[in-house]
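Structure below is coords-v7.cif: mmCIF, N, CA, C and O atoms.
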data_entry
loop_
_atom_site.label_atom_id
_atom_site.label_comp_id
_atom_site.auth_asym_id
_atom_site.auth_seq_id
_atom_site.Cartn_x
_atom_site.Cartn_y
_atom_site.Cartn_z
N PRO J 1 105.72 -126.25 134.74
CA PRO J 1 105.88 -124.95 134.10
C PRO J 1 105.31 -124.90 132.68
O PRO J 1 104.88 -123.86 132.23
N ASP J 2 105.28 -126.05 132.00
CA ASP J 2 104.82 -126.07 130.62
C ASP J 2 103.33 -125.77 130.48
O ASP J 2 102.89 -125.29 129.43
N SER J 3 102.56 -126.04 131.52
CA SER J 3 101.12 -125.88 131.39
C SER J 3 100.55 -124.70 132.18
O SER J 3 99.34 -124.48 132.18
N VAL J 4 101.41 -123.95 132.87
CA VAL J 4 100.91 -122.91 133.77
C VAL J 4 100.09 -121.85 133.03
O VAL J 4 99.03 -121.44 133.50
N GLU J 5 100.53 -121.43 131.88
CA GLU J 5 99.80 -120.38 131.16
C GLU J 5 98.41 -120.86 130.72
O GLU J 5 97.42 -120.14 130.89
N ALA J 6 98.33 -122.08 130.22
CA ALA J 6 97.02 -122.62 129.80
C ALA J 6 96.09 -122.77 130.99
O ALA J 6 94.89 -122.45 130.90
N GLN J 7 96.61 -123.21 132.13
CA GLN J 7 95.78 -123.37 133.32
C GLN J 7 95.30 -122.02 133.83
O GLN J 7 94.14 -121.88 134.23
N GLN J 8 96.17 -121.02 133.81
CA GLN J 8 95.78 -119.69 134.26
C GLN J 8 94.72 -119.09 133.33
O GLN J 8 93.76 -118.47 133.80
N ASN J 9 94.88 -119.28 132.03
CA ASN J 9 93.89 -118.76 131.09
C ASN J 9 92.53 -119.42 131.29
O ASN J 9 91.48 -118.76 131.15
N MET J 10 92.53 -120.70 131.65
CA MET J 10 91.28 -121.40 131.92
C MET J 10 90.61 -120.80 133.17
O MET J 10 89.40 -120.55 133.18
N LEU J 11 91.39 -120.53 134.21
CA LEU J 11 90.86 -119.93 135.43
C LEU J 11 90.27 -118.55 135.15
O LEU J 11 89.20 -118.21 135.65
N LEU J 12 90.95 -117.76 134.35
CA LEU J 12 90.51 -116.39 134.07
C LEU J 12 89.15 -116.33 133.38
O LEU J 12 88.45 -115.32 133.46
N LYS J 13 88.74 -117.41 132.74
CA LYS J 13 87.42 -117.45 132.09
C LYS J 13 86.28 -117.34 133.11
O LYS J 13 85.17 -116.99 132.76
N TYR J 14 86.57 -117.66 134.37
CA TYR J 14 85.53 -117.70 135.40
C TYR J 14 85.59 -116.50 136.35
O TYR J 14 84.82 -116.44 137.31
N ILE J 15 86.46 -115.54 136.09
CA ILE J 15 86.69 -114.44 137.01
C ILE J 15 85.75 -113.27 136.71
O ILE J 15 85.54 -112.90 135.56
N ASP J 16 85.22 -112.69 137.76
CA ASP J 16 84.37 -111.50 137.65
C ASP J 16 85.19 -110.39 136.98
O ASP J 16 86.35 -110.18 137.34
N PRO J 17 84.61 -109.69 136.02
CA PRO J 17 85.35 -108.62 135.33
C PRO J 17 85.94 -107.57 136.27
O PRO J 17 86.99 -107.00 135.98
N ARG J 18 85.30 -107.34 137.42
CA ARG J 18 85.81 -106.32 138.35
C ARG J 18 87.17 -106.71 138.94
O ARG J 18 87.95 -105.84 139.31
N GLY J 19 87.46 -107.98 139.05
CA GLY J 19 88.74 -108.41 139.62
C GLY J 19 89.69 -109.00 138.60
O GLY J 19 90.80 -109.43 138.94
N TYR J 20 89.27 -109.00 137.34
CA TYR J 20 90.04 -109.66 136.28
C TYR J 20 91.45 -109.10 136.14
O TYR J 20 92.43 -109.84 136.13
N GLY J 21 91.57 -107.78 136.02
CA GLY J 21 92.88 -107.17 135.77
C GLY J 21 93.88 -107.43 136.89
O GLY J 21 95.03 -107.81 136.63
N ALA J 22 93.45 -107.27 138.14
CA ALA J 22 94.34 -107.49 139.28
C ALA J 22 94.76 -108.95 139.36
O ALA J 22 95.95 -109.25 139.59
N LEU J 23 93.81 -109.87 139.16
CA LEU J 23 94.17 -111.28 139.22
C LEU J 23 95.09 -111.66 138.08
O LEU J 23 96.06 -112.40 138.27
N LYS J 24 94.82 -111.14 136.89
CA LYS J 24 95.68 -111.46 135.75
C LYS J 24 97.11 -111.00 136.01
O LYS J 24 98.06 -111.73 135.72
N ASP J 25 97.28 -109.81 136.59
CA ASP J 25 98.63 -109.32 136.92
C ASP J 25 99.31 -110.25 137.91
O ASP J 25 100.50 -110.57 137.76
N ASN J 26 98.56 -110.70 138.93
CA ASN J 26 99.13 -111.64 139.91
C ASN J 26 99.51 -112.96 139.26
O ASN J 26 100.56 -113.54 139.58
N LEU J 27 98.67 -113.44 138.37
CA LEU J 27 98.96 -114.71 137.71
C LEU J 27 100.18 -114.61 136.79
O LEU J 27 100.96 -115.56 136.68
N ILE J 28 100.35 -113.47 136.15
CA ILE J 28 101.53 -113.28 135.29
C ILE J 28 102.80 -113.32 136.14
O ILE J 28 103.78 -113.99 135.78
N ALA J 29 102.78 -112.65 137.29
CA ALA J 29 103.94 -112.68 138.19
C ALA J 29 104.20 -114.09 138.69
O ALA J 29 105.35 -114.54 138.76
N GLU J 30 103.12 -114.81 139.02
CA GLU J 30 103.26 -116.20 139.47
C GLU J 30 103.83 -117.08 138.36
O GLU J 30 104.71 -117.91 138.59
N ARG J 31 103.34 -116.90 137.14
CA ARG J 31 103.84 -117.67 135.99
C ARG J 31 105.32 -117.43 135.78
O ARG J 31 106.10 -118.37 135.58
N ASP J 32 105.74 -116.17 135.86
CA ASP J 32 107.15 -115.84 135.68
C ASP J 32 108.01 -116.50 136.76
O ASP J 32 109.09 -117.02 136.48
N HIS J 33 107.51 -116.51 138.01
CA HIS J 33 108.24 -117.15 139.11
C HIS J 33 108.33 -118.66 138.90
O HIS J 33 109.39 -119.25 139.09
N ILE J 34 107.22 -119.27 138.51
CA ILE J 34 107.20 -120.71 138.26
C ILE J 34 108.19 -121.09 137.18
O ILE J 34 108.97 -122.04 137.32
N ASN J 35 108.21 -120.32 136.09
CA ASN J 35 109.13 -120.62 134.99
C ASN J 35 110.59 -120.39 135.38
O ASN J 35 111.46 -121.19 135.05
N ALA J 36 110.86 -119.31 136.12
CA ALA J 36 112.24 -119.00 136.52
C ALA J 36 112.80 -120.04 137.48
O ALA J 36 113.99 -120.38 137.41
N GLN J 37 111.95 -120.55 138.36
CA GLN J 37 112.39 -121.51 139.37
C GLN J 37 112.18 -122.98 138.95
O GLN J 37 112.49 -123.88 139.71
N HIS J 38 111.63 -123.18 137.77
CA HIS J 38 111.31 -124.52 137.27
C HIS J 38 110.45 -125.28 138.28
O HIS J 38 110.72 -126.44 138.61
N LEU J 39 109.42 -124.60 138.77
CA LEU J 39 108.54 -125.18 139.78
C LEU J 39 107.47 -126.06 139.15
O LEU J 39 106.96 -125.77 138.07
N SER J 40 107.14 -127.08 139.87
CA SER J 40 106.02 -127.93 139.53
C SER J 40 105.17 -128.03 140.79
O SER J 40 105.71 -128.28 141.88
N THR J 41 103.87 -127.80 140.67
CA THR J 41 103.01 -127.82 141.85
C THR J 41 101.77 -128.67 141.61
O THR J 41 101.32 -128.84 140.47
N ALA J 42 101.24 -129.16 142.71
CA ALA J 42 99.96 -129.89 142.69
C ALA J 42 99.23 -129.53 143.97
O ALA J 42 99.84 -129.44 145.04
N PHE J 43 97.92 -129.33 143.87
CA PHE J 43 97.09 -129.02 145.03
C PHE J 43 96.12 -130.17 145.25
O PHE J 43 95.39 -130.56 144.33
N TYR J 44 96.12 -130.71 146.46
CA TYR J 44 95.26 -131.82 146.81
C TYR J 44 94.26 -131.37 147.87
O TYR J 44 94.62 -131.24 149.04
N PRO J 45 93.01 -131.10 147.49
CA PRO J 45 92.00 -130.67 148.46
C PRO J 45 91.74 -131.76 149.48
O PRO J 45 91.70 -132.95 149.14
N VAL J 46 91.55 -131.35 150.74
CA VAL J 46 91.20 -132.30 151.80
C VAL J 46 89.88 -131.93 152.47
O VAL J 46 89.29 -132.76 153.15
N ASN J 47 89.42 -130.69 152.29
CA ASN J 47 88.17 -130.27 152.91
C ASN J 47 87.61 -129.06 152.15
O ASN J 47 88.36 -128.20 151.71
N VAL J 48 86.29 -129.02 152.04
CA VAL J 48 85.60 -127.88 151.43
C VAL J 48 84.45 -127.50 152.35
O VAL J 48 83.64 -128.35 152.73
N VAL J 49 84.41 -126.21 152.71
CA VAL J 49 83.31 -125.69 153.53
C VAL J 49 82.62 -124.61 152.70
O VAL J 49 83.24 -123.63 152.31
N VAL J 50 81.33 -124.82 152.45
CA VAL J 50 80.55 -123.90 151.62
C VAL J 50 79.59 -123.11 152.51
O VAL J 50 78.90 -123.68 153.35
N ASP J 51 79.56 -121.81 152.29
CA ASP J 51 78.60 -120.93 152.97
C ASP J 51 77.67 -120.39 151.89
O ASP J 51 78.03 -119.47 151.15
N THR J 52 76.49 -120.98 151.79
CA THR J 52 75.58 -120.61 150.70
C THR J 52 75.01 -119.20 150.88
O THR J 52 74.67 -118.56 149.89
N LYS J 53 74.92 -118.72 152.10
CA LYS J 53 74.41 -117.37 152.32
C LYS J 53 75.43 -116.32 151.92
O LYS J 53 75.07 -115.29 151.35
N ALA J 54 76.69 -116.56 152.21
CA ALA J 54 77.75 -115.60 151.87
C ALA J 54 78.33 -115.87 150.48
O ALA J 54 79.17 -115.10 150.01
N LEU J 55 77.87 -116.95 149.85
CA LEU J 55 78.37 -117.35 148.52
C LEU J 55 79.90 -117.51 148.51
O LEU J 55 80.59 -117.01 147.62
N THR J 56 80.40 -118.21 149.52
CA THR J 56 81.84 -118.48 149.59
C THR J 56 82.09 -119.96 149.79
O THR J 56 81.22 -120.71 150.26
N ALA J 57 83.28 -120.36 149.43
CA ALA J 57 83.75 -121.72 149.71
C ALA J 57 85.19 -121.61 150.19
O ALA J 57 85.99 -120.87 149.61
N LEU J 58 85.50 -122.33 151.26
CA LEU J 58 86.87 -122.42 151.75
C LEU J 58 87.37 -123.81 151.39
O LEU J 58 86.79 -124.82 151.80
N VAL J 59 88.43 -123.85 150.60
CA VAL J 59 88.99 -125.12 150.15
C VAL J 59 90.35 -125.28 150.83
O VAL J 59 91.29 -124.54 150.55
N THR J 60 90.43 -126.25 151.73
CA THR J 60 91.67 -126.54 152.44
C THR J 60 92.35 -127.72 151.75
O THR J 60 91.69 -128.68 151.36
N GLY J 61 93.66 -127.61 151.60
CA GLY J 61 94.38 -128.71 150.96
C GLY J 61 95.86 -128.59 151.12
O GLY J 61 96.38 -127.67 151.75
N ASP J 62 96.54 -129.56 150.54
CA ASP J 62 98.00 -129.62 150.60
C ASP J 62 98.59 -129.23 149.26
O ASP J 62 98.21 -129.78 148.22
N LEU J 63 99.50 -128.25 149.31
CA LEU J 63 100.21 -127.82 148.11
C LEU J 63 101.56 -128.51 148.12
O LEU J 63 102.37 -128.33 149.03
N ILE J 64 101.78 -129.32 147.10
CA ILE J 64 103.03 -130.06 146.95
C ILE J 64 103.79 -129.42 145.80
O ILE J 64 103.23 -129.19 144.73
N ALA J 65 105.07 -129.12 146.03
CA ALA J 65 105.86 -128.44 145.00
C ALA J 65 107.25 -129.04 144.91
O ALA J 65 107.78 -129.60 145.88
N SER J 66 107.83 -128.89 143.74
CA SER J 66 109.23 -129.26 143.54
C SER J 66 109.87 -128.23 142.62
O SER J 66 109.20 -127.61 141.81
N SER J 67 111.15 -128.04 142.83
CA SER J 67 111.93 -127.13 142.00
C SER J 67 113.00 -127.97 141.33
O SER J 67 113.94 -128.42 141.98
N GLY J 68 112.83 -128.17 140.03
CA GLY J 68 113.74 -129.09 139.34
C GLY J 68 113.55 -130.48 139.91
O GLY J 68 112.46 -131.03 139.87
N THR J 69 114.60 -131.04 140.50
CA THR J 69 114.51 -132.37 141.11
C THR J 69 114.41 -132.31 142.63
O THR J 69 114.40 -133.33 143.30
N THR J 70 114.32 -131.10 143.19
CA THR J 70 114.27 -130.92 144.64
C THR J 70 112.82 -130.82 145.12
O THR J 70 112.09 -129.93 144.70
N GLU J 71 112.43 -131.75 145.99
CA GLU J 71 111.10 -131.71 146.59
C GLU J 71 111.07 -130.63 147.66
O GLU J 71 111.97 -130.55 148.50
N LEU J 72 110.06 -129.78 147.64
CA LEU J 72 109.89 -128.75 148.66
C LEU J 72 108.91 -129.26 149.72
O LEU J 72 108.12 -130.17 149.47
N SER J 73 108.97 -128.67 150.91
CA SER J 73 108.08 -129.09 151.99
C SER J 73 106.62 -128.83 151.62
O SER J 73 106.30 -127.73 151.14
N PRO J 74 105.74 -129.80 151.85
CA PRO J 74 104.31 -129.58 151.58
C PRO J 74 103.78 -128.46 152.47
O PRO J 74 104.26 -128.27 153.58
N GLN J 75 102.79 -127.75 151.97
CA GLN J 75 102.15 -126.68 152.73
C GLN J 75 100.66 -126.92 152.79
O GLN J 75 100.03 -127.22 151.77
N ARG J 76 100.08 -126.77 153.97
CA ARG J 76 98.62 -126.82 154.11
C ARG J 76 98.13 -125.39 153.89
O ARG J 76 98.55 -124.47 154.58
N ILE J 77 97.27 -125.20 152.90
CA ILE J 77 96.79 -123.85 152.59
C ILE J 77 95.27 -123.86 152.44
O ILE J 77 94.65 -124.91 152.27
N ILE J 78 94.71 -122.68 152.53
CA ILE J 78 93.26 -122.51 152.37
C ILE J 78 93.02 -121.46 151.28
O ILE J 78 93.55 -120.35 151.36
N TYR J 79 92.24 -121.84 150.29
CA TYR J 79 91.80 -120.90 149.26
C TYR J 79 90.37 -120.52 149.58
O TYR J 79 89.55 -121.37 149.90
N GLN J 80 90.08 -119.23 149.46
CA GLN J 80 88.69 -118.77 149.60
C GLN J 80 88.18 -118.39 148.24
O GLN J 80 88.81 -117.59 147.53
N ILE J 81 87.05 -118.94 147.88
CA ILE J 81 86.42 -118.66 146.59
C ILE J 81 85.14 -117.89 146.87
O ILE J 81 84.31 -118.31 147.68
N GLN J 82 85.00 -116.76 146.21
CA GLN J 82 83.81 -115.92 146.36
C GLN J 82 83.00 -116.00 145.06
O GLN J 82 83.55 -115.82 143.98
N TYR J 83 81.72 -116.30 145.19
CA TYR J 83 80.85 -116.40 144.03
C TYR J 83 79.93 -115.19 143.94
O TYR J 83 79.65 -114.53 144.93
N ARG J 84 79.47 -114.91 142.71
CA ARG J 84 78.46 -113.86 142.48
C ARG J 84 77.34 -114.45 141.69
O ARG J 84 77.52 -115.28 140.86
#
Show me this structure written as structure tokens.
Amino acid sequence: PDSVEAQQNMLLKYIDPRGYGALKDNLIAERDHINAQHLSTAFYPVNVVVDTKALTALVTGDLIASSGTTELSPQRIIYQIQYR
């Protein structure tokens, strides 16, 4: 929780201006949830598939989280990144 705001601000530096406001609102809500629940998270990528024609990348990985001292079940998730 201590570093979430700095990490989000770093991410926002790379966001297309057209989606900046909506993403920033989502990140603020996420930050508030992380702080309220004392969550700690780590994402471990296991696969990346890049489509150079569509300018996308699908990053599959495991999201590991804990709330305080309680370990939460790992989740396999996929992030889609769109480039311009």
### Message
I need the residues of chain J that end up classed as helix (DSSP H, G or I) by DSSP on the backbone, written out as an MDAnalysis selection string.
### Response
chainID J and resid 4:12 17:37
Let's have the selection written as a tab-separated table (two decimals), in the coordinates of the input, with N, CA, C and O atoms.
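The result, stored in again17.tsv:
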chain	number	residue	atom	x	y	z
J	4	VAL	N	101.41	-123.95	132.87
J	4	VAL	CA	100.91	-122.91	133.77
J	4	VAL	C	100.09	-121.85	133.03
J	4	VAL	O	99.03	-121.44	133.50
J	5	GLU	N	100.53	-121.43	131.88
J	5	GLU	CA	99.80	-120.38	131.16
J	5	GLU	C	98.41	-120.86	130.72
J	5	GLU	O	97.42	-120.14	130.89
J	6	ALA	N	98.33	-122.08	130.22
J	6	ALA	CA	97.02	-122.62	129.80
J	6	ALA	C	96.09	-122.77	130.99
J	6	ALA	O	94.89	-122.45	130.90
J	7	GLN	N	96.61	-123.21	132.13
J	7	GLN	CA	95.78	-123.37	133.32
J	7	GLN	C	95.30	-122.02	133.83
J	7	GLN	O	94.14	-121.88	134.23
J	8	GLN	N	96.17	-121.02	133.81
J	8	GLN	CA	95.78	-119.69	134.26
J	8	GLN	C	94.72	-119.09	133.33
J	8	GLN	O	93.76	-118.47	133.80
J	9	ASN	N	94.88	-119.28	132.03
J	9	ASN	CA	93.89	-118.76	131.09
J	9	ASN	C	92.53	-119.42	131.29
J	9	ASN	O	91.48	-118.76	131.15
J	10	MET	N	92.53	-120.70	131.65
J	10	MET	CA	91.28	-121.40	131.92
J	10	MET	C	90.61	-120.80	133.17
J	10	MET	O	89.40	-120.55	133.18
J	11	LEU	N	91.39	-120.53	134.21
J	11	LEU	CA	90.86	-119.93	135.43
J	11	LEU	C	90.27	-118.55	135.15
J	11	LEU	O	89.20	-118.21	135.65
J	12	LEU	N	90.95	-117.76	134.35
J	12	LEU	CA	90.51	-116.39	134.07
J	12	LEU	C	89.15	-116.33	133.38
J	12	LEU	O	88.45	-115.32	133.46
J	17	PRO	N	84.61	-109.69	136.02
J	17	PRO	CA	85.35	-108.62	135.33
J	17	PRO	C	85.94	-107.57	136.27
J	17	PRO	O	86.99	-107.00	135.98
J	18	ARG	N	85.30	-107.34	137.42
J	18	ARG	CA	85.81	-106.32	138.35
J	18	ARG	C	87.17	-106.71	138.94
J	18	ARG	O	87.95	-105.84	139.31
J	19	GLY	N	87.46	-107.98	139.05
J	19	GLY	CA	88.74	-108.41	139.62
J	19	GLY	C	89.69	-109.00	138.60
J	19	GLY	O	90.80	-109.43	138.94
J	20	TYR	N	89.27	-109.00	137.34
J	20	TYR	CA	90.04	-109.66	136.28
J	20	TYR	C	91.45	-109.10	136.14
J	20	TYR	O	92.43	-109.84	136.13
J	21	GLY	N	91.57	-107.78	136.02
J	21	GLY	CA	92.88	-107.17	135.77
J	21	GLY	C	93.88	-107.43	136.89
J	21	GLY	O	95.03	-107.81	136.63
J	22	ALA	N	93.45	-107.27	138.14
J	22	ALA	CA	94.34	-107.49	139.28
J	22	ALA	C	94.76	-108.95	139.36
J	22	ALA	O	95.95	-109.25	139.59
J	23	LEU	N	93.81	-109.87	139.16
J	23	LEU	CA	94.17	-111.28	139.22
J	23	LEU	C	95.09	-111.66	138.08
J	23	LEU	O	96.06	-112.40	138.27
J	24	LYS	N	94.82	-111.14	136.89
J	24	LYS	CA	95.68	-111.46	135.75
J	24	LYS	C	97.11	-111.00	136.01
J	24	LYS	O	98.06	-111.73	135.72
J	25	ASP	N	97.28	-109.81	136.59
J	25	ASP	CA	98.63	-109.32	136.92
J	25	ASP	C	99.31	-110.25	137.91
J	25	ASP	O	100.50	-110.57	137.76
J	26	ASN	N	98.56	-110.70	138.93
J	26	ASN	CA	99.13	-111.64	139.91
J	26	ASN	C	99.51	-112.96	139.26
J	26	ASN	O	100.56	-113.54	139.58
J	27	LEU	N	98.67	-113.44	138.37
J	27	LEU	CA	98.96	-114.71	137.71
J	27	LEU	C	100.18	-114.61	136.79
J	27	LEU	O	100.96	-115.56	136.68
J	28	ILE	N	100.35	-113.47	136.15
J	28	ILE	CA	101.53	-113.28	135.29
J	28	ILE	C	102.80	-113.32	136.14
J	28	ILE	O	103.78	-113.99	135.78
J	29	ALA	N	102.78	-112.65	137.29
J	29	ALA	CA	103.94	-112.68	138.19
J	29	ALA	C	104.20	-114.09	138.69
J	29	ALA	O	105.35	-114.54	138.76
J	30	GLU	N	103.12	-114.81	139.02
J	30	GLU	CA	103.26	-116.20	139.47
J	30	GLU	C	103.83	-117.08	138.36
J	30	GLU	O	104.71	-117.91	138.59
J	31	ARG	N	103.34	-116.90	137.14
J	31	ARG	CA	103.84	-117.67	135.99
J	31	ARG	C	105.32	-117.43	135.78
J	31	ARG	O	106.10	-118.37	135.58
J	32	ASP	N	105.74	-116.17	135.86
J	32	ASP	CA	107.15	-115.84	135.68
J	32	ASP	C	108.01	-116.50	136.76
J	32	ASP	O	109.09	-117.02	136.48
J	33	HIS	N	107.51	-116.51	138.01
J	33	HIS	CA	108.24	-117.15	139.11
J	33	HIS	C	108.33	-118.66	138.90
J	33	HIS	O	109.39	-119.25	139.09
J	34	ILE	N	107.22	-119.27	138.51
J	34	ILE	CA	107.20	-120.71	138.26
J	34	ILE	C	108.19	-121.09	137.18
J	34	ILE	O	108.97	-122.04	137.32
J	35	ASN	N	108.21	-120.32	136.09
J	35	ASN	CA	109.13	-120.62	134.99
J	35	ASN	C	110.59	-120.39	135.38
J	35	ASN	O	111.46	-121.19	135.05
J	36	ALA	N	110.86	-119.31	136.12
J	36	ALA	CA	112.24	-119.00	136.52
J	36	ALA	C	112.80	-120.04	137.48
J	36	ALA	O	113.99	-120.38	137.41
J	37	GLN	N	111.95	-120.55	138.36
J	37	GLN	CA	112.39	-121.51	139.37
J	37	GLN	C	112.18	-122.98	138.95
J	37	GLN	O	112.49	-123.88	139.71
### Message
For the strand (DSSP E) assignment from backbone DSSP, which residues of region 34-84 of chain J qualify? Please present them as a VMD selection string.
### Response
chain J and resid 39 to 51 56 to 67 70 to 71 75 to 82
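We find CA of Leu23 (chain J) and CA of Val4 (chain J) to be spaced 14.5 Å apart.
Residues captured in this structure file are Tyr44, Pro45, Val46, Asn47, Val59, Thr60, Asp62, Leu63, Gln75, Arg76, Ile77 and Ile78 of chain J, according to the PyMOL selection byres ((chain J and resi 61) around 6).
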### Message
Env of region 65-72 of chain J: 10 Å cut, atoms = only C-alpha atoms, seq-sep filter 2 positions within chain, self excluded. Answer as JSON, numbers by chain.
### Response
{"J": [34, 35, 36, 37, 38, 39, 40, 41, 42, 43, 62, 63, 74, 75]}
### Message
Neighbouring residues of Val49 (chain J) were defined as those with any atom within 5 Å, considering only N, CA, C and O atoms; residues of the same chain fewer than 4 positions away were excluded. Please report them as a PyMOL selection string.
### Response
chain J and resi 56-58
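One distance worth recording is that between CA of Arg84 (chain J) and CA of Ala54 (chain J), which is 9.6 Å.
With CA of Gln8 (chain J) on one side and CA of Leu27 (chain J) on the other, the separation reads 6.8 Å.
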